Structures are given as C-alpha cells and as structure tokens.
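See structure below.
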Number of protein chains: 2
Amino acid sequence: MDAIDFLLQLSLILFTGKILGILLRRIGLPQVLGYILAGIFLGPAIWEMIFDIPAGSIVPITAMDNPYLKAFAEVGVIFVMFTAGLETNLKDIRSAGMQSFLIALLGVLIPLGAGIGIGALFLPESGFFTWLFIGVIMTATSVGITVEVLRELGKLQTRVGTIILSAAIIDDVLGIIVLAIALSLSGANSSTSAVLSAINPNNEAWISIIWILAFFVFAVGVGFGISKLFKYIEKKTPHTRRIPILSIAVCFAYAYIAEKVFGVADITGAFIAGVVLSTRHDSAEYTDRKVTINSYTVFAPIFFASIGIKITFAGLSLDVLWFALAFVAVAIATKIIGCGGMAKAMGFKWKDSARVGVGMIARGEVALIVMEKGIAGGLIGAQYRAIVVMLVLVSSLLAPILLKILYRNDKTEHPLPTKEQLDGVQYEQTN
Amino acid sequence: MDAIDFLLQLSLILFTGKILGILLRRIGLPQVLGYILAGIFLGPAIWEMIFDIPAGSIVPITAMDNPYLKAFAEVGVIFVMFTAGLETNLKDIRSAGMQSFLIALLGVLIPLGAGIGIGALFLPESGFFTWLFIGVIMTATSVGITVEVLRELGKLQTRVGTIILSAAIIDDVLGIIVLAIALSLSGANSSTSAVLSAINPNNEAWISIIWILAFFVFAVGVGFGISKLFKYIEKKTPHTRRIPILSIAVCFAYAYIAEKVFGVADITGAFIAGVVLSTRHDSAEYTDRKVTINSYTVFAPIFFASIGIKITFAGLSLDVLWFALAFVAVAIATKIIGCGGMAKAMGFKWKDSARVGVGMIARGEVALIVMEKGIAGGLIGAQYRAIVVMLVLVSSLLAPILLKILYRNDKTEHPLPTKEQLDGVQYEQTN
C-alpha cells in the first residue's frame, strides 16, 4: 500500500460518504450512515457477495488491514468519544435533576438486562460476558436526530425536550461506566495492560473493579490539576491555539494510560478526558469546536467508513437473522419501556411518557464504537457489525416517525408536571 | 507497533512541540521549529549521537518507519500545501501588480541559479538535477515571521509591507512551478506515474514539460467546474460542513491525480487544488479556516516532528559543514540581492530596497517540504535535512533582527515612490 493510494481512498470515502449523507439526510436519516454505506460500497462486502469479485481487483478499498486507514479510524474513534465527553457538562447534568437521572438509569438497566437475556436465549454457549456485551451495546442513546425533530416541532424547550436531552447525556456516562466494568471483568483488556495483568493475574472481579475506580480517581485528580493549568493559560493568552492542541495531547495521553495502565478501554479514557476538560475551564466550547472540526472533516468519516468496509454478509444464516430481529426489537422496546415507564411512574401523562421513551430509542456513534470494542476484544463475533448498523438504521428511522405521530395535533406548549403529579418520586428541584 | 502506542507518540509530540514552540516564540522564532525540535528530542538523533543509546530501548519514537506516524506526516504535508494554496488569492496577485511580480521573479531566479552554482561547486559529481534541487529548496519565502515583525512595527500597511506580502505569495507559486519542472525532468516522479513512464519512456524533457502543462490545464479546467458546483451548493446551503469536506476530498484527489497520472508531485496537486478553490467560490476562507484547524492541531505538528525524528547527525563531516555554511549564506544573500536589487532597480530608495530584500529571506514550511520531496526522490541525501532546518532557523532569526535595525528611527509612514522614480520599469498601476 502506497501512501499516495491512501490519498485516493480518503478522497473516495469523503466524497461518496458526504454525497450519500446529504441524500440520507433528506429522508431524515443520520449522516453517519452515509459514511458506513460508503464503506460498504467502496469495500469488499457487496462486490464479493453479489458480483463475486475478489478483493484486490477493481474494489477500491480491499480491507481494513491497510495500516494508514487503520490509524485514521483509530484516532477517529478517540476523537468522537473525546468530543462526546467535551459536550457532557457535569453542571448541566447536576441541574438536570433526579428525574432525568432516574429515566436515564432505567433506560440503561432495562436494555442491559434484556440484552443479557436475549444473549442467553439465542447464544447459550457463548458465555456471560458475550451476553453482557450485547446488553452494553444497547445502552447508549444517540440524541442527535431526536433533538433535530424536537427543534423542528418547536418542542425542544419543553419539559419533555429537556428531560430527553439530559437523560441522553447521563446514559452516555452510565454506558461508559458499564462498558469499563464489562471489558475489565471479562479480561478482554488485561491483555493490553501489563500493569493490570501483573496485579490481577487471576482476573478477579474485585481487583478489576478497584482498579477501574483507581482510574476514575486518577483521571479526575490529574484532570483537576490540568484544568487549573489550562485556566491559567487561557487567562493569560485567551483563544490561542495552545489550549486545543494541549487538550488533544491530554486526550491521547488519557486514552493511552486508561488502556495501558488501568486496563480500561482507550475510548473511556478519551471520553473522561473530555468530561474533565469540559467542566473546569472556560475554553471547553472553543476546544470542542476545534476538535469537532478535526473529527468530522477527516477522522470520524474514516472511522464510520471502516465499519462499512469491515461489514461482511458472508455467513448470514437464518439463525443470525432471527437474532438480528430480536436484537433490534428488544433494543427499541426496552428504551421505551425503561425511559417511558420511569417517566410515567414519576407522574408524567401517558402521552408525555411515550414521548420521553420514543425520544430515547435512537442509537448511533457510541453503539457502533462499543460494538467495535467488543469485536476487537473477542467478546462478540464480526456478524454483529451488520446487526448493530441495522439497529442504528431502524432506530434512527423510527424515532422521528414516532415522535411526529406523538406530537400530532399538539399545538400547545406542554405545562410542567405539577408538584402533586410528581409526588410519588423524590426529585431535586430544577430551575 | 500497537495502535495504542501511537496515541502516546501523538500525545508526546503535541505536548513537547507546543511547549517548545511557546518558548521559541518568546525569542521570536517560528513555532514550527518547536515541533522539529520535539522530533529531535523524541527521536533517535540525540540519544544515539550523545548517549549512544540504540533505538528501541528508552527512546520514545524510534523511527519514521512506523506506518501510523508516516500516514499522519504524509497527510500533514498535503494539508500544509493545501492551506498555502487556499491562502493564495489570484485576484490579490493580479492587483499586486508587476512590481511584486518582478521582485518575486528575481527572488526566485537568483537563489535558483546560485543554488545550482554552489551545488556544482561542492558536489561536482552529483549531477545537474541535484544541483537544480538545491536551488529549488532556496526559492520559497516564508513570510509569516516578517509579517508579524512588520505588524508589530506598524509597517505592514506600507508600500514595502504590501510588496513583501505579495511577492512572498507569488514566489510560492513560482517555486511550485519550478519544483514541478525539476521533479518531472529529473525523472524522480515517473516511477510513481505509470502514465508518464508509458508516454515518456525515454524521459524526454519536452514531453515532461508538455505533460506538466497538461496537468495545469486539467487542474484549472476541472477546478472551474468544481468551483461552479461549490458555488451552487454554497448558495443553497451556506456554511454547512459539506463544502469543507468536499474541498478536502478534492484536495486529496488532486494530489493523487497529480502524482499518479501526471508525474507532478502530490504537494503541487494539493497546492493547486487550494489555489483553484480559493479564487472561484465565496467560502474559501471558511474552508481554509476548517482545514487550517485540522492541519495545525494534529497533522502539521506530526509532519514537522517527523523531520526532527528523521534528522541524523551521523556522518557529519567537515565537508558537509562547509557546504551547510555556504548553503545558508547563499540562500540568505541571494534573496536580499534578488528582491532588494529589483526593488532598487524599480526606483525604491536604498533603505526600502534593503527592507524588501531582508523581508524575503525567511524560509519555512515550503523549503522543508521541498527538501523531503528531494530526499524521497533520491535527488539529495538525508544529510540535507539538518542543513535545511539550519536555514529555517538562521533565516528566521535574522529576518526580524535585520528588519528591526532597518526600521530603527523610522517614525514616518514611507511615501509611495513617485512616478518618476519608477520610470525605468513597466508596471501595472495598483489601487
């Protein structure tokens, strides 16, 4: 593989992905799918399956074993998680209150439990950690499409809109914690961390958990010092390039230390770096803008295309298809039940509860990233790639359709639930 | 090489390079040198030379054969040249007038000729194309530092300031043309272009030149269509992400086609893509901002660090040292003679002519990139790496010092030269 051929591949991915993304956007689908589709078209999947053309002939991108593409995809994941972290403002979460937290919590626990359940049902001999991982993939909501639909309907500033927004951010954090625990307990990450395998040779659960806690303590403690430093730099030389560049350096260092020292996934490290940097210095938004630009112009497209390139339709059996259908149906139903049910329990009306539930069903980037981690760690098979892409596709299609139906004939701004309605549940007052 | 180790390397390069860059800035040196120095510290050069520590032990980055770093450095060069192109507005050049053009032209021809001369003198057996390349490296001015000094002195808006600015942009374009011709004639690029070696098996000069012309015709022709399309998109959906993403795709495609089809360097393709996109649609500045952010946060740092990583002090003989001194002295003197002399010939006062000449001596990114091309093409040896870095260092140090001396006791805005003073030379009137 020549470096110059790599430029052609980049160009093809960006061009095809963007054009497809624009078209998908028209029918209300997320642009991310454009890059995945571009990967499918440019990679071997379709060519091999339909036309029986072997890799290495006319197919533009034959495989992801190309080290250049791999490097870009790898950094792409880190950037996507870092920006997700930067956009997670802990202050907002605190002021979002107990309601959003409880809705997010049930929206994580119920899909997680149901995921373990269908794992045990369909793949009984795969073992607990595979089932657990199927659950973990189901946890993280991608709120982008929902936000757009709510904004379009003029409902983003309502109580339901705020609840969905906060709960989606909170379930990212919860999902990251669940992922860290799952990867650590399964031992999938101790192979990359010499430190973890030294102190925990028998892969005992309690040591792993303490070590995860140690990571979070380290990340927050060191992050506190870094943020103080950044605050100082920012005050002396506002809006220079140094803060974004040093922030990216911190992100990479966190990702490295998380994986190599603590046996926590690098994406968790990047996410936590984002959260730590976002809360404590004023230029987080400025940094976020820079990193986001970096991310969306080159890195994220290549990561999402890499999913498409790696997708294979070989070995698709009827069993896999049944599992896929169950997986998608359960992932969607459990978010509605978990989040919508919790909302109802807290005194929301039926319709608003349904809106909250439906607002949380969409899955996106994080589900795809968690899936790749699971495949890389040997916890789930490569056939999950197509299944999780299907979940992203179906849930992204359903969320706006269902939301629009639920908001039909709703011309009034919905009043906040009264104190009485919310009586049954403890919650913090939000202003 | 693990992908995760690569994250540590990225982090170290960004962190060390930025800290060094901030310190260098304090003493008036360009920040680019910070990343080169970071590469020297993090790479094998010093460790091997001073401490005799072999690569692969405690040295963080052992070599640039690491494919991940290589991919980033490669894309870094493309981005640096693309942004240079985007910032080259042909309209500005046209309105800059004949004066700037003639100053730039002599500022290219005299270093080029002198470079060939010292090449023939010091390296008689290396052959004409090596001598030519030594000249080509000397052509491109880096105006960043000069602009900062002039701005600080309040002289940027003067006639001298405008002339320097325009001439520096024009000599980039001239330098790129000279580079394209040099690489093509030497046959260094026909190995990468199957098309060129097919139509020009005997590497005949006139075919190469026609083929270069064909590239420029193609680039401008296709670019015209693309720009029309972008203008249309921009009008329909202003300031969305699609224009920057598609622009980057065009840049990569141009780089690929330039090298693979026309046997012109990929950096020439990227530069021309920037020029073509900058002149014909309104969002060039918007795109430039996005690409620049991409470039300075990750890619450019890694490219400049890669120069430091590849620098070797092994095999430094007295001969090489003499050559280095001659190279740096000639590179600086010829810009002063070429540009300053032309200014004097056009009627500028002695002092202003000297200011113009001194304002053009600084070399930077483009010289480094051209050098890497020459090394990769086998036209010059790896020992040039340290020599060209020395040129960047010395010329960047000298330019502000000399400029400040030449502007000492100059409290008045300098009047434009009168028609009579300029009588001897044809020039376009600029407003």
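How things are named: the first chain in the structure tokens is A, the next is B, and so on; residues count from 1 in each chain; ligands count from 1 in the order shown.
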Residues of chain A within 8 Å of chain B, counting only C-alpha atoms, what are they? List them as a tab-separated table (two decimals) with all heavy atoms, in the first residue's frame.
```tsv
chain	number	residue	atom	x	y	z
A	3	ALA	N	1.50	5.31	0.05
A	3	ALA	CA	0.89	6.45	0.74
A	3	ALA	C	-0.01	7.22	-0.23
A	3	ALA	O	-1.04	7.76	0.17
A	3	ALA	CB	1.98	7.37	1.29
A	4	ILE	N	0.37	7.22	-1.50
A	4	ILE	CA	-0.39	8.01	-2.47
A	4	ILE	C	-1.74	7.35	-2.77
A	4	ILE	O	-2.75	8.03	-2.98
A	4	ILE	CB	0.45	8.24	-3.76
A	4	ILE	CG1	-0.19	9.26	-4.67
A	4	ILE	CG2	0.73	6.95	-4.49
A	4	ILE	CD1	0.11	10.67	-4.26
A	5	ASP	N	-1.79	6.01	-2.74
A	5	ASP	CA	-3.07	5.33	-2.92
A	5	ASP	C	-4.03	5.65	-1.78
A	5	ASP	O	-5.24	5.70	-1.94
A	5	ASP	CB	-2.86	3.81	-2.99
A	5	ASP	CG	-2.10	3.41	-4.23
A	5	ASP	OD1	-2.30	4.06	-5.27
A	5	ASP	OD2	-1.30	2.47	-4.16
A	7	LEU	N	-4.30	8.45	-0.32
A	7	LEU	CA	-4.96	9.73	-0.59
A	7	LEU	C	-6.22	9.52	-1.44
A	7	LEU	O	-7.25	10.15	-1.21
A	7	LEU	CB	-4.01	10.69	-1.30
A	7	LEU	CG	-2.83	11.20	-0.49
A	7	LEU	CD1	-1.94	12.09	-1.35
A	7	LEU	CD2	-3.30	11.95	0.74
A	8	LEU	N	-6.11	8.62	-2.41
A	8	LEU	CA	-7.29	8.32	-3.25
A	8	LEU	C	-8.41	7.72	-2.39
A	8	LEU	O	-9.58	8.10	-2.54
A	8	LEU	CB	-6.91	7.36	-4.37
A	8	LEU	CG	-8.05	6.97	-5.30
A	8	LEU	CD1	-8.53	8.16	-6.11
A	8	LEU	CD2	-7.65	5.83	-6.23
A	10	LEU	N	-8.93	8.11	0.84
A	10	LEU	CA	-9.50	9.18	1.65
A	10	LEU	C	-10.49	10.00	0.84
A	10	LEU	O	-11.60	10.30	1.28
A	10	LEU	CB	-8.41	10.12	2.18
A	10	LEU	CG	-7.50	9.64	3.29
A	10	LEU	CD1	-6.59	10.78	3.74
A	10	LEU	CD2	-8.32	9.16	4.46
A	11	SER	N	-10.05	10.37	-0.36
A	11	SER	CA	-10.88	11.21	-1.22
A	11	SER	C	-12.20	10.51	-1.54
A	11	SER	O	-13.28	11.11	-1.45
A	11	SER	CB	-10.12	11.55	-2.49
A	11	SER	OG	-10.88	12.36	-3.32
A	12	LEU	N	-12.11	9.23	-1.90
A	12	LEU	CA	-13.32	8.47	-2.25
A	12	LEU	C	-14.27	8.36	-1.06
A	12	LEU	O	-15.48	8.50	-1.19
A	12	LEU	CB	-12.94	7.07	-2.74
A	12	LEU	CG	-12.33	7.00	-4.14
A	12	LEU	CD1	-11.84	5.59	-4.43
A	12	LEU	CD2	-13.36	7.42	-5.19
A	14	LEU	N	-14.50	10.37	1.61
A	14	LEU	CA	-15.10	11.67	1.95
A	14	LEU	C	-16.17	12.04	0.94
A	14	LEU	O	-17.27	12.46	1.29
A	14	LEU	CB	-14.02	12.76	1.99
A	14	LEU	CG	-13.03	12.68	3.15
A	14	LEU	CD1	-11.98	13.77	3.02
A	14	LEU	CD2	-13.75	12.80	4.48
A	15	PHE	N	-15.84	11.85	-0.34
A	15	PHE	CA	-16.75	12.26	-1.40
A	15	PHE	C	-18.03	11.41	-1.39
A	15	PHE	O	-19.14	11.92	-1.26
A	15	PHE	CB	-16.04	12.15	-2.75
A	15	PHE	CG	-16.84	12.69	-3.88
A	15	PHE	CD1	-16.95	14.06	-4.07
A	15	PHE	CD2	-17.50	11.84	-4.74
A	15	PHE	CE1	-17.72	14.56	-5.11
A	15	PHE	CE2	-18.27	12.34	-5.79
A	15	PHE	CZ	-18.37	13.70	-5.97
A	18	LYS	N	-20.08	11.80	1.89
A	18	LYS	CA	-20.77	13.08	2.05
A	18	LYS	C	-22.00	13.15	1.14
A	18	LYS	O	-23.07	13.59	1.57
A	18	LYS	CB	-19.81	14.23	1.73
A	18	LYS	CG	-20.31	15.58	2.16
A	18	LYS	CD	-20.36	15.68	3.66
A	18	LYS	CE	-21.55	16.47	4.15
A	18	LYS	NZ	-21.68	16.44	5.60
A	67	PRO	N	-2.66	-0.21	6.98
A	67	PRO	CA	-2.29	0.46	8.23
A	67	PRO	C	-2.62	1.95	8.27
A	67	PRO	O	-2.90	2.49	9.33
A	67	PRO	CB	-0.78	0.25	8.31
A	67	PRO	CG	-0.35	-0.01	6.92
A	67	PRO	CD	-1.49	-0.70	6.24
A	68	TYR	N	-2.61	2.60	7.10
A	68	TYR	CA	-2.92	4.03	7.07
A	68	TYR	C	-4.37	4.28	7.47
A	68	TYR	O	-4.67	5.08	8.34
A	68	TYR	CB	-2.66	4.62	5.69
A	68	TYR	CG	-1.23	4.58	5.26
A	68	TYR	CD1	-0.74	3.54	4.49
A	68	TYR	CD2	-0.35	5.59	5.62
A	68	TYR	CE1	0.58	3.51	4.08
A	68	TYR	CE2	0.98	5.57	5.23
A	68	TYR	CZ	1.43	4.52	4.46
A	68	TYR	OH	2.74	4.50	4.06
A	71	ALA	N	-4.98	3.60	11.13
A	71	ALA	CA	-4.53	4.67	12.04
A	71	ALA	C	-5.57	5.78	12.10
A	71	ALA	O	-5.90	6.28	13.18
A	71	ALA	CB	-3.20	5.25	11.56
A	74	GLU	N	-8.69	4.61	13.97
A	74	GLU	CA	-8.38	4.51	15.40
A	74	GLU	C	-8.46	5.89	16.07
A	74	GLU	O	-9.12	6.07	17.10
A	74	GLU	CB	-6.97	3.93	15.53
A	74	GLU	CG	-6.57	3.44	16.88
A	74	GLU	CD	-7.34	2.20	17.27
A	74	GLU	OE1	-7.64	1.36	16.37
A	74	GLU	OE2	-7.66	2.08	18.45
A	75	VAL	N	-7.80	6.86	15.47
A	75	VAL	CA	-7.83	8.22	16.02
A	75	VAL	C	-9.24	8.80	15.90
A	75	VAL	O	-9.68	9.57	16.76
A	75	VAL	CB	-6.79	9.12	15.32
A	75	VAL	CG1	-6.90	10.55	15.79
A	75	VAL	CG2	-5.39	8.60	15.59
A	241	ARG	N	-4.03	28.94	19.96
A	241	ARG	CA	-4.10	27.55	19.53
A	241	ARG	C	-3.64	26.59	20.61
A	241	ARG	O	-3.81	25.39	20.51
A	241	ARG	CB	-3.20	27.35	18.31
A	241	ARG	CG	-3.70	28.13	17.12
A	241	ARG	CD	-2.75	27.98	15.96
A	241	ARG	NE	-3.35	28.55	14.78
A	241	ARG	CZ	-2.82	28.46	13.56
A	241	ARG	NH1	-1.68	27.81	13.40
A	241	ARG	NH2	-3.42	29.00	12.53
A	242	ARG	N	-2.97	27.11	21.65
A	242	ARG	CA	-2.32	26.18	22.57
A	242	ARG	C	-3.30	25.32	23.34
A	242	ARG	O	-3.03	24.15	23.57
A	242	ARG	CB	-1.37	26.94	23.50
A	242	ARG	CG	-1.94	28.14	24.17
A	242	ARG	CD	-0.84	28.98	24.79
A	242	ARG	NE	-0.03	29.66	23.78
A	242	ARG	CZ	0.82	30.64	24.05
A	242	ARG	NH1	1.02	31.03	25.28
A	242	ARG	NH2	1.51	31.21	23.09
A	244	PRO	N	-6.44	24.13	22.51
A	244	PRO	CA	-6.90	22.96	21.76
A	244	PRO	C	-5.80	21.92	21.55
A	244	PRO	O	-6.05	20.72	21.71
A	244	PRO	CB	-7.35	23.54	20.42
A	244	PRO	CG	-7.64	24.96	20.68
A	244	PRO	CD	-6.76	25.39	21.80
A	245	ILE	N	-4.60	22.35	21.23
A	245	ILE	CA	-3.53	21.38	20.96
A	245	ILE	C	-3.17	20.62	22.23
A	245	ILE	O	-3.06	19.39	22.22
A	245	ILE	CB	-2.29	22.10	20.38
A	245	ILE	CG1	-2.62	22.61	18.97
A	245	ILE	CG2	-1.08	21.16	20.33
A	245	ILE	CD1	-1.52	23.40	18.33
A	246	LEU	N	-3.01	21.34	23.34
A	246	LEU	CA	-2.68	20.65	24.59
A	246	LEU	C	-3.84	19.76	25.03
A	246	LEU	O	-3.63	18.68	25.59
A	246	LEU	CB	-2.33	21.67	25.68
A	246	LEU	CG	-1.02	22.44	25.45
A	246	LEU	CD1	-0.80	23.48	26.54
A	246	LEU	CD2	0.18	21.50	25.38
A	248	ILE	N	-5.85	18.11	23.08
A	248	ILE	CA	-5.78	16.88	22.29
A	248	ILE	C	-4.66	15.99	22.82
A	248	ILE	O	-4.81	14.77	22.91
A	248	ILE	CB	-5.57	17.22	20.79
A	248	ILE	CG1	-6.84	17.89	20.24
A	248	ILE	CG2	-5.25	15.97	19.99
A	248	ILE	CD1	-6.70	18.41	18.84
A	249	ALA	N	-3.54	16.62	23.22
A	249	ALA	CA	-2.45	15.84	23.82
A	249	ALA	C	-2.93	15.13	25.08
A	249	ALA	O	-2.63	13.95	25.31
A	249	ALA	CB	-1.25	16.74	24.12
A	250	VAL	N	-3.71	15.84	25.90
A	250	VAL	CA	-4.25	15.23	27.13
A	250	VAL	C	-5.18	14.08	26.78
A	250	VAL	O	-5.14	13.01	27.38
A	250	VAL	CB	-4.99	16.30	27.98
A	250	VAL	CG1	-5.77	15.64	29.10
A	250	VAL	CG2	-4.00	17.31	28.54
A	251	CYS	N	-6.03	14.30	25.77
A	251	CYS	CA	-6.96	13.25	25.35
A	251	CYS	C	-6.21	11.97	24.96
A	251	CYS	O	-6.53	10.88	25.41
A	251	CYS	CB	-7.80	13.77	24.19
A	251	CYS	SG	-8.53	12.50	23.16
A	252	PHE	N	-5.18	12.12	24.12
A	252	PHE	CA	-4.42	10.94	23.70
A	252	PHE	C	-3.72	10.28	24.89
A	252	PHE	O	-3.68	9.05	24.99
A	252	PHE	CB	-3.36	11.33	22.65
A	252	PHE	CG	-3.93	11.72	21.32
A	252	PHE	CD1	-3.29	12.65	20.51
A	252	PHE	CD2	-5.11	11.15	20.85
A	252	PHE	CE1	-3.80	13.01	19.27
A	252	PHE	CE2	-5.63	11.51	19.61
A	252	PHE	CZ	-4.98	12.44	18.83
A	253	ALA	N	-3.18	11.11	25.78
A	253	ALA	CA	-2.48	10.55	26.95
A	253	ALA	C	-3.46	9.79	27.85
A	253	ALA	O	-3.15	8.69	28.32
A	253	ALA	CB	-1.80	11.68	27.73
A	255	ALA	N	-6.24	8.35	26.92
A	255	ALA	CA	-6.62	7.12	26.23
A	255	ALA	C	-5.54	6.06	26.42
A	255	ALA	O	-5.82	4.88	26.69
A	255	ALA	CB	-6.85	7.40	24.75
A	256	TYR	N	-4.29	6.49	26.29
A	256	TYR	CA	-3.16	5.56	26.42
A	256	TYR	C	-3.07	5.01	27.84
A	256	TYR	O	-2.98	3.80	28.05
A	256	TYR	CB	-1.87	6.28	26.05
A	256	TYR	CG	-0.64	5.42	26.22
A	256	TYR	CD1	-0.27	4.51	25.23
A	256	TYR	CD2	0.15	5.51	27.36
A	256	TYR	CE1	0.86	3.72	25.37
A	256	TYR	CE2	1.28	4.73	27.51
A	256	TYR	CZ	1.63	3.83	26.52
A	256	TYR	OH	2.74	3.04	26.67
A	259	GLU	N	-5.88	2.54	28.88
A	259	GLU	CA	-5.77	1.18	28.35
A	259	GLU	C	-4.52	0.47	28.87
A	259	GLU	O	-4.58	-0.68	29.28
A	259	GLU	CB	-5.75	1.23	26.81
A	259	GLU	CG	-5.69	-0.14	26.19
A	259	GLU	CD	-6.75	-0.36	25.11
A	259	GLU	OE1	-7.60	0.52	24.91
A	259	GLU	OE2	-6.72	-1.43	24.49
A	266	ASP	N	-9.47	2.51	25.83
A	266	ASP	CA	-8.96	3.83	25.43
A	266	ASP	C	-10.08	4.83	25.16
A	266	ASP	O	-9.94	6.02	25.46
A	266	ASP	CB	-8.04	3.71	24.20
A	266	ASP	CG	-8.68	2.96	23.05
A	266	ASP	OD1	-9.84	2.49	23.21
A	266	ASP	OD2	-8.06	2.83	21.99
A	290	LYS	N	-12.91	23.14	17.85
A	290	LYS	CA	-11.72	22.76	17.09
A	290	LYS	C	-11.65	21.25	16.88
A	290	LYS	O	-11.38	20.77	15.78
A	290	LYS	CB	-10.44	23.20	17.81
A	290	LYS	CG	-10.38	24.67	18.15
A	290	LYS	CD	-10.26	25.52	16.92
A	290	LYS	CE	-10.22	27.00	17.27
A	290	LYS	NZ	-11.27	27.77	16.62
A	293	ILE	N	-14.25	19.94	14.50
A	293	ILE	CA	-13.90	20.18	13.10
A	293	ILE	C	-12.91	19.12	12.63
A	293	ILE	O	-13.06	18.52	11.57
A	293	ILE	CB	-13.30	21.59	12.93
A	293	ILE	CG1	-14.41	22.63	13.07
A	293	ILE	CG2	-12.60	21.73	11.59
A	293	ILE	CD1	-13.90	24.03	13.27
A	294	ASN	N	-11.91	18.88	13.45
A	294	ASN	CA	-10.95	17.82	13.16
A	294	ASN	C	-11.63	16.50	12.93
A	294	ASN	O	-11.31	15.75	12.03
A	294	ASN	CB	-10.07	17.65	14.39
A	294	ASN	CG	-8.64	17.90	14.08
A	294	ASN	OD1	-8.12	17.28	13.16
A	294	ASN	ND2	-8.03	18.79	14.80
A	297	THR	N	-14.21	16.37	9.70
A	297	THR	CA	-13.69	16.55	8.34
A	297	THR	C	-12.87	15.34	7.86
A	297	THR	O	-12.85	15.07	6.68
A	297	THR	CB	-12.81	17.80	8.21
A	297	THR	OG1	-11.91	17.83	9.31
A	297	THR	CG2	-13.63	19.06	8.20
A	298	VAL	N	-12.19	14.65	8.74
A	298	VAL	CA	-11.39	13.53	8.27
A	298	VAL	C	-11.57	12.27	9.10
A	298	VAL	O	-11.87	11.20	8.57
A	298	VAL	CB	-9.88	13.88	8.27
A	298	VAL	CG1	-9.10	12.78	7.59
A	298	VAL	CG2	-9.62	15.20	7.59
```
* Once DSSP has gone over the backbone, tell me which residues of range 111-235 of chain A are in helix (DSSP H, G or I), as a PyMOL selection string. => chain A and resi 111-122+124-126+128-137+144-153+159-186+194-199+205-235
